[in-house]
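Trainee: I'm passing along data.cif; it holds mmCIF, N, CA and C atoms.
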data_run
#
loop_
_atom_site.label_atom_id
_atom_site.label_comp_id
_atom_site.auth_asym_id
_atom_site.auth_seq_id
_atom_site.Cartn_x
_atom_site.Cartn_y
_atom_site.Cartn_z
N MET A 1 2.94 -2.60 8.27
CA MET A 1 3.83 -2.48 7.14
C MET A 1 5.04 -1.64 7.55
N THR A 2 6.21 -2.11 7.23
CA THR A 2 7.44 -1.35 7.44
C THR A 2 7.62 -0.40 6.28
N THR A 3 7.97 0.84 6.58
CA THR A 3 8.25 1.80 5.53
C THR A 3 9.66 2.30 5.67
N MET A 4 10.24 2.75 4.58
CA MET A 4 11.56 3.35 4.59
C MET A 4 11.46 4.72 3.96
N HIS A 5 12.14 5.68 4.56
CA HIS A 5 12.13 7.04 4.05
C HIS A 5 13.57 7.49 3.82
N PRO A 6 13.91 7.87 2.60
CA PRO A 6 15.26 8.37 2.35
C PRO A 6 15.55 9.61 3.20
N TYR A 7 16.73 9.62 3.81
CA TYR A 7 17.16 10.77 4.61
C TYR A 7 18.48 11.26 4.03
N LEU A 8 18.49 12.50 3.62
CA LEU A 8 19.65 13.08 2.94
C LEU A 8 20.34 14.09 3.85
N ASN A 9 21.63 14.23 3.69
CA ASN A 9 22.41 15.25 4.39
C ASN A 9 23.03 16.19 3.38
N PHE A 10 23.05 17.46 3.74
CA PHE A 10 23.63 18.49 2.88
C PHE A 10 24.57 19.35 3.71
N ASP A 11 25.42 20.10 3.02
CA ASP A 11 26.33 21.02 3.69
C ASP A 11 25.86 22.45 3.43
N GLY A 12 24.71 22.79 4.06
CA GLY A 12 24.18 24.14 3.92
C GLY A 12 23.25 24.34 2.74
N LYS A 13 22.91 23.27 2.01
CA LYS A 13 22.05 23.42 0.83
C LYS A 13 20.73 22.67 0.96
N ALA A 14 20.37 22.21 2.16
CA ALA A 14 19.13 21.44 2.33
C ALA A 14 17.90 22.25 1.94
N GLU A 15 17.83 23.50 2.36
CA GLU A 15 16.65 24.31 2.04
C GLU A 15 16.52 24.51 0.54
N GLU A 16 17.61 24.85 -0.12
CA GLU A 16 17.59 25.03 -1.57
C GLU A 16 17.20 23.72 -2.27
N ALA A 17 17.79 22.61 -1.83
CA ALA A 17 17.50 21.31 -2.44
C ALA A 17 16.04 20.94 -2.26
N PHE A 18 15.50 21.15 -1.06
CA PHE A 18 14.12 20.74 -0.81
C PHE A 18 13.10 21.66 -1.46
N ASN A 19 13.43 22.90 -1.64
CA ASN A 19 12.54 23.76 -2.44
C ASN A 19 12.53 23.29 -3.89
N PHE A 20 13.68 22.85 -4.37
CA PHE A 20 13.77 22.28 -5.72
C PHE A 20 12.96 20.98 -5.80
N TYR A 21 13.15 20.06 -4.85
CA TYR A 21 12.41 18.80 -4.87
C TYR A 21 10.90 19.05 -4.77
N LYS A 22 10.51 20.01 -3.96
CA LYS A 22 9.10 20.36 -3.82
C LYS A 22 8.54 20.86 -5.16
N SER A 23 9.36 21.60 -5.92
CA SER A 23 8.90 22.10 -7.22
C SER A 23 8.65 20.96 -8.20
N VAL A 24 9.33 19.84 -8.02
CA VAL A 24 9.15 18.69 -8.91
C VAL A 24 8.02 17.78 -8.41
N PHE A 25 8.06 17.43 -7.12
CA PHE A 25 7.09 16.47 -6.57
C PHE A 25 5.77 17.12 -6.15
N GLY A 26 5.79 18.42 -5.85
CA GLY A 26 4.61 19.08 -5.33
C GLY A 26 4.47 18.81 -3.85
N GLY A 27 3.31 19.14 -3.29
CA GLY A 27 3.06 18.91 -1.87
C GLY A 27 3.60 20.03 -1.00
N GLU A 28 3.52 19.79 0.30
CA GLU A 28 3.97 20.77 1.29
C GLU A 28 4.87 20.08 2.31
N PHE A 29 5.79 20.83 2.88
CA PHE A 29 6.62 20.30 3.95
C PHE A 29 5.75 20.00 5.16
N THR A 30 5.95 18.82 5.75
CA THR A 30 5.23 18.51 6.99
C THR A 30 6.05 18.94 8.20
N PHE A 31 7.32 19.20 7.99
CA PHE A 31 8.17 19.77 9.05
C PHE A 31 9.29 20.53 8.37
N PHE A 32 9.61 21.69 8.93
CA PHE A 32 10.75 22.46 8.45
C PHE A 32 11.28 23.25 9.64
N GLY A 33 12.48 22.90 10.11
CA GLY A 33 13.07 23.61 11.24
C GLY A 33 14.52 23.95 10.96
N LYS A 34 14.97 25.04 11.54
CA LYS A 34 16.36 25.49 11.39
C LYS A 34 17.16 25.16 12.64
N MET A 35 18.47 25.10 12.50
CA MET A 35 19.35 24.83 13.63
C MET A 35 19.16 25.90 14.71
N GLY A 36 18.83 27.11 14.32
CA GLY A 36 18.60 28.19 15.27
C GLY A 36 17.42 27.94 16.19
N ASP A 37 16.56 26.97 15.86
CA ASP A 37 15.41 26.62 16.69
C ASP A 37 15.77 25.65 17.81
N MET A 38 16.99 25.10 17.78
CA MET A 38 17.40 24.10 18.76
C MET A 38 17.77 24.74 20.09
N PRO A 39 17.70 23.96 21.18
CA PRO A 39 18.26 24.45 22.44
C PRO A 39 19.76 24.72 22.25
N ASP A 40 20.29 25.66 22.94
CA ASP A 40 21.71 26.04 22.86
C ASP A 40 22.14 26.55 21.49
N ALA A 41 21.19 27.03 20.70
CA ALA A 41 21.52 27.55 19.37
C ALA A 41 22.41 28.78 19.45
N ASP A 42 22.44 29.43 20.59
CA ASP A 42 23.28 30.62 20.74
C ASP A 42 24.77 30.28 20.62
N LYS A 43 25.11 29.00 20.69
CA LYS A 43 26.51 28.56 20.55
C LYS A 43 26.92 28.40 19.08
N LEU A 44 25.94 28.51 18.19
CA LEU A 44 26.21 28.35 16.76
C LEU A 44 26.49 29.69 16.11
N SER A 45 27.23 29.65 15.00
CA SER A 45 27.44 30.86 14.21
C SER A 45 26.12 31.24 13.54
N GLU A 46 26.02 32.46 13.06
CA GLU A 46 24.80 32.90 12.38
C GLU A 46 24.53 32.03 11.15
N GLU A 47 25.60 31.66 10.43
CA GLU A 47 25.44 30.81 9.25
C GLU A 47 24.89 29.45 9.64
N GLU A 48 25.40 28.87 10.72
CA GLU A 48 24.93 27.55 11.15
C GLU A 48 23.51 27.61 11.70
N LYS A 49 23.14 28.69 12.33
CA LYS A 49 21.76 28.83 12.82
C LYS A 49 20.76 28.79 11.67
N ASN A 50 21.18 29.22 10.48
CA ASN A 50 20.30 29.25 9.32
C ASN A 50 20.25 27.91 8.57
N ARG A 51 21.07 26.95 8.98
CA ARG A 51 21.05 25.63 8.35
C ARG A 51 19.80 24.86 8.78
N VAL A 52 19.41 23.90 7.96
CA VAL A 52 18.21 23.11 8.23
C VAL A 52 18.50 22.03 9.26
N MET A 53 17.71 22.04 10.33
CA MET A 53 17.79 21.00 11.36
C MET A 53 17.07 19.74 10.85
N HIS A 54 15.88 19.91 10.28
CA HIS A 54 15.12 18.79 9.74
C HIS A 54 14.06 19.33 8.79
N VAL A 55 13.90 18.64 7.66
CA VAL A 55 12.84 18.95 6.71
C VAL A 55 12.24 17.63 6.24
N ALA A 56 10.92 17.62 6.06
CA ALA A 56 10.22 16.42 5.60
C ALA A 56 9.25 16.81 4.49
N LEU A 57 9.32 16.10 3.36
CA LEU A 57 8.45 16.35 2.22
C LEU A 57 7.79 15.03 1.82
N PRO A 58 6.50 14.88 2.11
CA PRO A 58 5.81 13.65 1.67
C PRO A 58 5.80 13.57 0.14
N ILE A 59 6.18 12.41 -0.38
CA ILE A 59 6.18 12.17 -1.82
C ILE A 59 4.88 11.47 -2.22
N ASN A 60 4.43 10.55 -1.37
CA ASN A 60 3.14 9.88 -1.54
C ASN A 60 2.73 9.35 -0.17
N GLU A 61 1.70 8.52 -0.11
CA GLU A 61 1.20 8.08 1.19
C GLU A 61 2.16 7.16 1.93
N HIS A 62 3.17 6.64 1.26
CA HIS A 62 4.11 5.71 1.90
C HIS A 62 5.54 6.22 1.99
N THR A 63 5.84 7.35 1.37
CA THR A 63 7.23 7.80 1.29
C THR A 63 7.35 9.27 1.68
N ILE A 64 8.30 9.53 2.56
CA ILE A 64 8.63 10.90 2.96
C ILE A 64 10.11 11.10 2.71
N LEU A 65 10.46 12.11 1.94
CA LEU A 65 11.85 12.48 1.71
C LEU A 65 12.25 13.44 2.82
N MET A 66 13.33 13.12 3.53
CA MET A 66 13.75 13.93 4.68
C MET A 66 15.22 14.32 4.55
N ALA A 67 15.61 15.37 5.29
CA ALA A 67 17.00 15.80 5.22
C ALA A 67 17.34 16.75 6.36
N SER A 68 18.64 16.99 6.48
CA SER A 68 19.17 18.02 7.36
C SER A 68 20.50 18.49 6.79
N ASP A 69 20.99 19.60 7.32
CA ASP A 69 22.31 20.09 6.97
C ASP A 69 23.32 19.64 8.02
N CYS A 70 24.54 19.43 7.61
CA CYS A 70 25.64 19.18 8.54
C CYS A 70 25.92 20.47 9.32
N VAL A 71 26.46 20.31 10.52
CA VAL A 71 26.86 21.46 11.34
C VAL A 71 28.36 21.32 11.59
N PRO A 72 29.18 22.05 10.84
CA PRO A 72 30.63 21.91 10.97
C PRO A 72 31.15 22.08 12.40
N SER A 73 30.60 23.00 13.17
CA SER A 73 31.11 23.23 14.53
C SER A 73 30.83 22.04 15.45
N MET A 74 29.92 21.15 15.04
CA MET A 74 29.63 19.95 15.81
C MET A 74 30.41 18.74 15.27
N GLY A 75 31.32 19.00 14.34
CA GLY A 75 32.15 17.94 13.79
C GLY A 75 31.54 17.20 12.61
N HIS A 76 30.41 17.67 12.10
CA HIS A 76 29.77 17.01 10.96
C HIS A 76 30.54 17.35 9.68
N VAL A 77 30.76 16.32 8.87
CA VAL A 77 31.44 16.50 7.59
C VAL A 77 30.65 15.75 6.53
N LEU A 78 30.26 16.43 5.47
CA LEU A 78 29.54 15.78 4.38
C LEU A 78 30.53 15.13 3.44
N LYS A 79 30.25 13.87 3.08
CA LYS A 79 31.07 13.15 2.11
C LYS A 79 30.14 12.63 1.02
N GLU A 80 30.16 13.30 -0.14
CA GLU A 80 29.34 12.83 -1.25
C GLU A 80 29.96 11.57 -1.81
N GLY A 81 29.11 10.64 -2.19
CA GLY A 81 29.60 9.39 -2.75
C GLY A 81 28.56 8.73 -3.62
N ASN A 82 28.92 7.57 -4.14
CA ASN A 82 28.00 6.86 -5.02
C ASN A 82 27.42 5.64 -4.33
N ASN A 83 27.37 5.66 -3.02
CA ASN A 83 26.88 4.51 -2.27
C ASN A 83 25.39 4.51 -2.05
N MET A 84 24.65 5.47 -2.61
CA MET A 84 23.21 5.50 -2.42
C MET A 84 22.52 6.16 -3.60
N TYR A 85 21.44 5.55 -4.03
CA TYR A 85 20.54 6.13 -5.01
C TYR A 85 19.15 6.15 -4.38
N ILE A 86 18.34 7.08 -4.80
CA ILE A 86 16.92 7.04 -4.48
C ILE A 86 16.23 6.55 -5.74
N ASN A 87 15.53 5.42 -5.62
CA ASN A 87 14.83 4.84 -6.76
C ASN A 87 13.36 5.27 -6.70
N ILE A 88 12.89 5.90 -7.77
CA ILE A 88 11.50 6.31 -7.86
C ILE A 88 10.80 5.39 -8.85
N ASN A 89 9.71 4.77 -8.40
CA ASN A 89 8.89 3.95 -9.29
C ASN A 89 7.72 4.80 -9.76
N ALA A 90 7.80 5.23 -11.00
CA ALA A 90 6.80 6.15 -11.56
C ALA A 90 5.51 5.41 -11.91
N GLU A 91 4.43 6.19 -12.02
CA GLU A 91 3.10 5.65 -12.33
C GLU A 91 2.90 5.40 -13.82
N SER A 92 3.69 6.07 -14.67
CA SER A 92 3.54 5.94 -16.13
C SER A 92 4.84 6.39 -16.78
N ARG A 93 4.96 6.16 -18.07
CA ARG A 93 6.13 6.65 -18.81
C ARG A 93 6.19 8.18 -18.75
N GLU A 94 5.04 8.80 -18.88
CA GLU A 94 4.98 10.26 -18.84
C GLU A 94 5.43 10.79 -17.48
N ASP A 95 4.97 10.13 -16.42
CA ASP A 95 5.38 10.51 -15.07
C ASP A 95 6.88 10.30 -14.89
N ALA A 96 7.40 9.20 -15.43
CA ALA A 96 8.85 8.93 -15.36
C ALA A 96 9.63 10.04 -16.05
N ASP A 97 9.18 10.44 -17.24
CA ASP A 97 9.86 11.52 -17.96
C ASP A 97 9.79 12.84 -17.19
N ARG A 98 8.62 13.14 -16.62
CA ARG A 98 8.45 14.39 -15.86
C ARG A 98 9.40 14.41 -14.67
N LEU A 99 9.46 13.33 -13.92
CA LEU A 99 10.33 13.27 -12.75
C LEU A 99 11.80 13.31 -13.15
N PHE A 100 12.16 12.54 -14.16
CA PHE A 100 13.55 12.51 -14.63
C PHE A 100 13.99 13.89 -15.09
N ASN A 101 13.19 14.51 -15.95
CA ASN A 101 13.56 15.83 -16.49
C ASN A 101 13.60 16.90 -15.41
N GLY A 102 12.66 16.85 -14.49
CA GLY A 102 12.63 17.84 -13.42
C GLY A 102 13.80 17.71 -12.47
N LEU A 103 14.02 16.50 -11.98
CA LEU A 103 15.07 16.30 -10.97
C LEU A 103 16.48 16.37 -11.55
N SER A 104 16.64 16.02 -12.82
CA SER A 104 17.99 16.02 -13.40
C SER A 104 18.42 17.39 -13.90
N ALA A 105 17.51 18.37 -13.89
CA ALA A 105 17.85 19.72 -14.36
C ALA A 105 19.06 20.26 -13.60
N GLY A 106 20.10 20.61 -14.32
CA GLY A 106 21.32 21.13 -13.70
C GLY A 106 22.24 20.06 -13.16
N GLY A 107 21.85 18.80 -13.31
CA GLY A 107 22.66 17.69 -12.80
C GLY A 107 23.42 16.99 -13.91
N THR A 108 23.86 15.76 -13.63
CA THR A 108 24.64 14.97 -14.57
C THR A 108 23.89 13.68 -14.87
N ILE A 109 23.51 13.48 -16.11
CA ILE A 109 22.78 12.27 -16.49
C ILE A 109 23.76 11.12 -16.65
N GLU A 110 23.47 10.04 -15.95
CA GLU A 110 24.27 8.82 -16.03
C GLU A 110 23.72 7.92 -17.14
N MET A 111 22.41 7.68 -17.12
CA MET A 111 21.73 6.90 -18.16
C MET A 111 20.44 7.62 -18.50
N PRO A 112 20.25 8.05 -19.75
CA PRO A 112 18.99 8.71 -20.11
C PRO A 112 17.83 7.72 -20.03
N MET A 113 16.61 8.23 -19.95
CA MET A 113 15.43 7.37 -19.92
C MET A 113 15.35 6.58 -21.22
N GLU A 114 15.33 5.25 -21.07
CA GLU A 114 15.27 4.37 -22.24
C GLU A 114 14.56 3.08 -21.85
N ASP A 115 14.05 2.39 -22.86
CA ASP A 115 13.54 1.04 -22.64
C ASP A 115 14.74 0.13 -22.42
N MET A 116 14.70 -0.62 -21.34
CA MET A 116 15.84 -1.47 -20.98
C MET A 116 15.59 -2.93 -21.35
N PHE A 117 16.68 -3.69 -21.43
CA PHE A 117 16.60 -5.09 -21.83
C PHE A 117 15.74 -5.92 -20.88
N TRP A 118 15.58 -5.48 -19.63
CA TRP A 118 14.76 -6.24 -18.68
C TRP A 118 13.28 -5.87 -18.76
N GLY A 119 12.95 -4.96 -19.69
CA GLY A 119 11.56 -4.66 -19.96
C GLY A 119 11.03 -3.38 -19.34
N ASP A 120 11.82 -2.68 -18.56
CA ASP A 120 11.37 -1.45 -17.91
C ASP A 120 11.88 -0.23 -18.65
N TYR A 121 11.28 0.90 -18.36
CA TYR A 121 11.70 2.21 -18.84
C TYR A 121 12.48 2.82 -17.69
N PHE A 122 13.76 3.15 -17.90
CA PHE A 122 14.66 3.45 -16.79
C PHE A 122 15.67 4.52 -17.17
N GLY A 123 16.08 5.30 -16.17
CA GLY A 123 17.17 6.27 -16.33
C GLY A 123 17.76 6.60 -14.97
N SER A 124 18.98 7.13 -14.96
CA SER A 124 19.62 7.50 -13.69
C SER A 124 20.48 8.75 -13.89
N PHE A 125 20.70 9.46 -12.78
CA PHE A 125 21.45 10.72 -12.83
C PHE A 125 21.84 11.14 -11.42
N LYS A 126 22.74 12.12 -11.36
CA LYS A 126 23.09 12.80 -10.11
C LYS A 126 22.53 14.21 -10.24
N ASP A 127 21.72 14.62 -9.26
CA ASP A 127 21.14 15.96 -9.36
C ASP A 127 22.17 17.03 -9.02
N LYS A 128 21.77 18.28 -9.15
CA LYS A 128 22.70 19.39 -8.95
C LYS A 128 23.16 19.53 -7.50
N PHE A 129 22.59 18.72 -6.59
CA PHE A 129 23.01 18.74 -5.19
C PHE A 129 23.86 17.53 -4.83
N GLY A 130 24.19 16.69 -5.81
CA GLY A 130 25.03 15.52 -5.57
C GLY A 130 24.27 14.27 -5.15
N VAL A 131 22.93 14.31 -5.17
CA VAL A 131 22.12 13.15 -4.80
C VAL A 131 21.87 12.32 -6.05
N GLN A 132 22.04 11.01 -5.93
CA GLN A 132 21.89 10.11 -7.07
C GLN A 132 20.48 9.52 -7.08
N TRP A 133 19.89 9.52 -8.26
CA TRP A 133 18.50 9.08 -8.44
C TRP A 133 18.41 8.05 -9.56
N MET A 134 17.44 7.14 -9.43
CA MET A 134 17.02 6.23 -10.49
C MET A 134 15.53 6.43 -10.69
N VAL A 135 15.10 6.53 -11.94
CA VAL A 135 13.67 6.64 -12.24
C VAL A 135 13.30 5.41 -13.05
N ASN A 136 12.25 4.73 -12.62
CA ASN A 136 11.89 3.45 -13.20
C ASN A 136 10.38 3.40 -13.43
N PHE A 137 9.98 2.86 -14.59
CA PHE A 137 8.58 2.53 -14.82
C PHE A 137 8.54 1.13 -15.40
N GLY A 138 7.80 0.26 -14.75
CA GLY A 138 7.68 -1.11 -15.26
C GLY A 138 7.41 -2.09 -14.16
N SER A 139 8.27 -3.06 -14.03
CA SER A 139 8.03 -4.22 -13.16
C SER A 139 8.04 -3.91 -11.67
N TYR A 140 8.60 -2.80 -11.25
CA TYR A 140 8.70 -2.50 -9.82
C TYR A 140 7.55 -1.63 -9.33
N LYS A 141 6.40 -1.74 -9.93
CA LYS A 141 5.25 -0.91 -9.52
C LYS A 141 4.67 -1.36 -8.20
#
Translate the structure of the given file into structure tokens.
Mentor:
Amino acid sequence: MTTMHPYLNFDGKAEEAFNFYKSVFGGEFTFFGKMGDMPDADKLSEEEKNRVMHVALPINEHTILMASDCVPSMGHVLKEGNNMYININAESREDADRLFNGLSAGGTIEMPMEDMFWGDYFGSFKDKFGVQWMVNFGSYK
């Protein structure tokens, strides 16, 4: 089976974002490393050494949410945009509400959770870190 895992980039906020996501989804990080752990880290500023090199948070048996921070001295530039959403297929309406309310806290709601014309319970938002999410319960189980 082919699996896909969302990989997010942040500009120095990966640790904060993933602690937030962990508070909503639960579980433990299966990997968490800082830029300061890399070879040649002595070439980085103290601020860049504290940025996240890689973090992985299993969401379920098939999905791992992963991320890293950009490193400005290496030419990395974060560009937030609307070209990606993470779609979560919830187990129940209650689970959909829990995920929506938890992840959207401090963010901007695009569509509140509602019964949709196609028969599903659906909502979308941008979280406080600029990541766009869709929460769905229904036909995409």
Trainee: If the PyMOL selection byres ((chain A and resi 57) around 6.5) were run on this exact file, what residues would it hold? Put them as an mmCIF file with N, CA and C atoms, keeping the file's coordinate frame.
Mentor:
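Output file selection_34.cif is given in full below:
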data_model
loop_
_atom_site.group_PDB
_atom_site.id
_atom_site.type_symbol
_atom_site.label_atom_id
_atom_site.label_comp_id
_atom_site.auth_asym_id
_atom_site.auth_seq_id
_atom_site.Cartn_x
_atom_site.Cartn_y
_atom_site.Cartn_z
ATOM 1 N N GLU A 28 3.520 19.790 0.300
ATOM 2 C CA GLU A 28 3.970 20.770 1.290
ATOM 3 C C GLU A 28 4.870 20.080 2.310
ATOM 4 N N PHE A 29 5.790 20.830 2.880
ATOM 5 C CA PHE A 29 6.620 20.300 3.950
ATOM 6 C C PHE A 29 5.750 20.000 5.160
ATOM 7 N N THR A 30 5.950 18.820 5.750
ATOM 8 C CA THR A 30 5.230 18.510 6.990
ATOM 9 C C THR A 30 6.050 18.940 8.200
ATOM 10 N N PHE A 31 7.320 19.200 7.990
ATOM 11 C CA PHE A 31 8.170 19.770 9.050
ATOM 12 C C PHE A 31 9.290 20.530 8.370
ATOM 13 N N VAL A 55 13.900 18.640 7.660
ATOM 14 C CA VAL A 55 12.840 18.950 6.710
ATOM 15 C C VAL A 55 12.240 17.630 6.240
ATOM 16 N N ALA A 56 10.920 17.620 6.060
ATOM 17 C CA ALA A 56 10.220 16.420 5.600
ATOM 18 C C ALA A 56 9.250 16.810 4.490
ATOM 19 N N PRO A 58 6.500 14.880 2.110
ATOM 20 C CA PRO A 58 5.810 13.650 1.670
ATOM 21 C C PRO A 58 5.800 13.570 0.140
ATOM 22 N N ILE A 59 6.180 12.410 -0.380
ATOM 23 C CA ILE A 59 6.180 12.170 -1.820
ATOM 24 C C ILE A 59 4.880 11.470 -2.220
ATOM 25 N N ASN A 60 4.430 10.550 -1.370
ATOM 26 C CA ASN A 60 3.140 9.880 -1.540
ATOM 27 C C ASN A 60 2.730 9.350 -0.170
ATOM 28 N N THR A 63 5.840 7.350 1.370
ATOM 29 C CA THR A 63 7.230 7.800 1.290
ATOM 30 C C THR A 63 7.350 9.270 1.680
ATOM 31 N N ILE A 64 8.300 9.530 2.560
ATOM 32 C CA ILE A 64 8.630 10.900 2.960
ATOM 33 C C ILE A 64 10.110 11.100 2.710
ATOM 34 N N LEU A 65 10.460 12.110 1.940
ATOM 35 C CA LEU A 65 11.850 12.480 1.710
ATOM 36 C C LEU A 65 12.250 13.440 2.820
ATOM 37 N N MET A 66 13.330 13.120 3.530
ATOM 38 C CA MET A 66 13.750 13.930 4.680
ATOM 39 C C MET A 66 15.220 14.320 4.550
#
Trainee: So which one's closest to A:Gly81, A:Ser68, A:Asn101, A:Asn9, A:Ser23? Using only C-alpha atoms, please.
Mentor: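 Counting only C-alpha atoms, the residue closest to A:Gly81 is A:Asn9.
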Trainee: Would you give me, as a PyMOL selection string, the residues in chain A that DSSP reads as strand (DSSP E)?
Mentor: chain A and resi 7-10+31-34+52-60+63-69+85-89+108-115+121-126+132-137
Trainee: Please, what distance in Å, to one decimal, runs between atom CA of A:His62 and atom CA of A:Asn136?
Mentor: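 We find that atom CA of A:His62 and atom CA of A:Asn136 lie 17.1 Å from each other.
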Trainee: Kindly indicate which residue among A:His5, A:Phe10, A:Lys49, A:Met111 lies nearest to A:Val77, using all atoms listed in the file for the distances.
Mentor: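 Residue with the minimum atom-to-atom distance to A:Val77: A:Phe10.
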Trainee: Just to confirm, what's the straight-line distance from atom C of A:Ile88 to atom N of A:Val135 in Å (one decimal)?
Mentor: 5.4 Å
Trainee: For A:Asn50, list every protein, DNA or RNA residue within 6 Å, evaluated using only N, CA and C atoms, and leave out those in the same chain fewer than 2 positions away; present the list as a PyMOL selection string.
Mentor: chain A and resi 34-36+46-48+52
Trainee: Pull N, CA and C atoms from the residues just selected and write them as a CSV table (one decimal), keeping the file's coordinate frame.
Mentor:
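Below is the file that was written, out01.csv:
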chain,number,residue,atom,x,y,z
A,34,LYS,N,15.0,25.0,11.5
A,34,LYS,CA,16.4,25.5,11.4
A,34,LYS,C,17.2,25.2,12.6
A,35,MET,N,18.5,25.1,12.5
A,35,MET,CA,19.4,24.8,13.6
A,35,MET,C,19.2,25.9,14.7
A,36,GLY,N,18.8,27.1,14.3
A,36,GLY,CA,18.6,28.2,15.3
A,36,GLY,C,17.4,27.9,16.2
A,46,GLU,N,26.0,32.5,13.1
A,46,GLU,CA,24.8,32.9,12.4
A,46,GLU,C,24.5,32.0,11.2
A,47,GLU,N,25.6,31.7,10.4
A,47,GLU,CA,25.4,30.8,9.2
A,47,GLU,C,24.9,29.4,9.6
A,48,GLU,N,25.4,28.9,10.7
A,48,GLU,CA,24.9,27.6,11.2
A,48,GLU,C,23.5,27.6,11.7
A,52,VAL,N,19.4,23.9,8.0
A,52,VAL,CA,18.2,23.1,8.2
A,52,VAL,C,18.5,22.0,9.3
Trainee: What gap, in Å, lies between atom N of A:Leu8 and atom N of A:Phe129?
Mentor: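 Going from atom N of A:Leu8 over to atom N of A:Phe129, I get 12.6 Å.
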Trainee: Can you list what the PyMOL selection byres (((chain A and resi 131 and name CA) around 10) and name CA) grabs from this structure, as a VMD selection string?
Mentor: chain A and resid 8 to 10 17 80 to 82 84 to 86 103 to 104 107 125 to 130 132 to 133
Trainee: Smallest atom-to-atom distance to A:Arg93: which of A:Tyr121, A:Gly33, A:Glu15, A:Met4, using all atoms listed in the file?
Mentor: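 Of A:Tyr121, A:Gly33, A:Glu15, A:Met4, the one nearest A:Arg93 is A:Tyr121, counting all atoms listed in the file.
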Trainee: When you count only C-alpha atoms, which of these residues is closest to A:Gly106: A:Phe20, A:Ala67, A:Ala90, A:Arg51?
Mentor: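 Of A:Phe20, A:Ala67, A:Ala90, A:Arg51, the one nearest A:Gly106 is A:Phe20, counting only C-alpha atoms.
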Trainee: Among chain A, which residues carry a DSSP assignment of alpha helix (DSSP H), reported as JSON, numbers by chain?
Mentor: {"A": [14, 15, 16, 17, 18, 19, 20, 21, 22, 23, 24, 25, 46, 47, 48, 49, 93, 94, 95, 96, 97, 98, 99, 100, 101, 102, 103, 104]}
Trainee: Put a box with edges along x, y and z around all the listed atoms of stretch 94-97 of chain A, pad it by 6 Å on each side, then give me its centre and sizes in Å, one decimal, as JSON.
Mentor:
{"center_x": 7.4, "center_y": 10.8, "center_z": -16.9, "size_x": 16.9, "size_y": 16.0, "size_z": 16.0}
Trainee: Taking into account all atoms listed in the file, which residue in the set A:Val71, A:Met116, A:Met38, A:Met134 is nearest to A:Asn89?
Mentor: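 For A:Asn89, the nearest of the given residues is A:Met134.
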Trainee: Would you mind listing what lies within 10 Å of A:Ser73 as number ranges by chain, with only C-alpha atoms counted and same-chain residues fewer than 6 positions away left out?
Mentor: A: 43-45, 48
Trainee: Go through A:Asp42, A:Asp69, A:Asp37, A:Glu114 and flag the residue nearest A:Gly12, using all atoms listed in the file for the distances.
Mentor: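 Between A:Asp42, A:Asp69, A:Asp37, A:Glu114, the residue approaching A:Gly12 most closely is A:Asp69.
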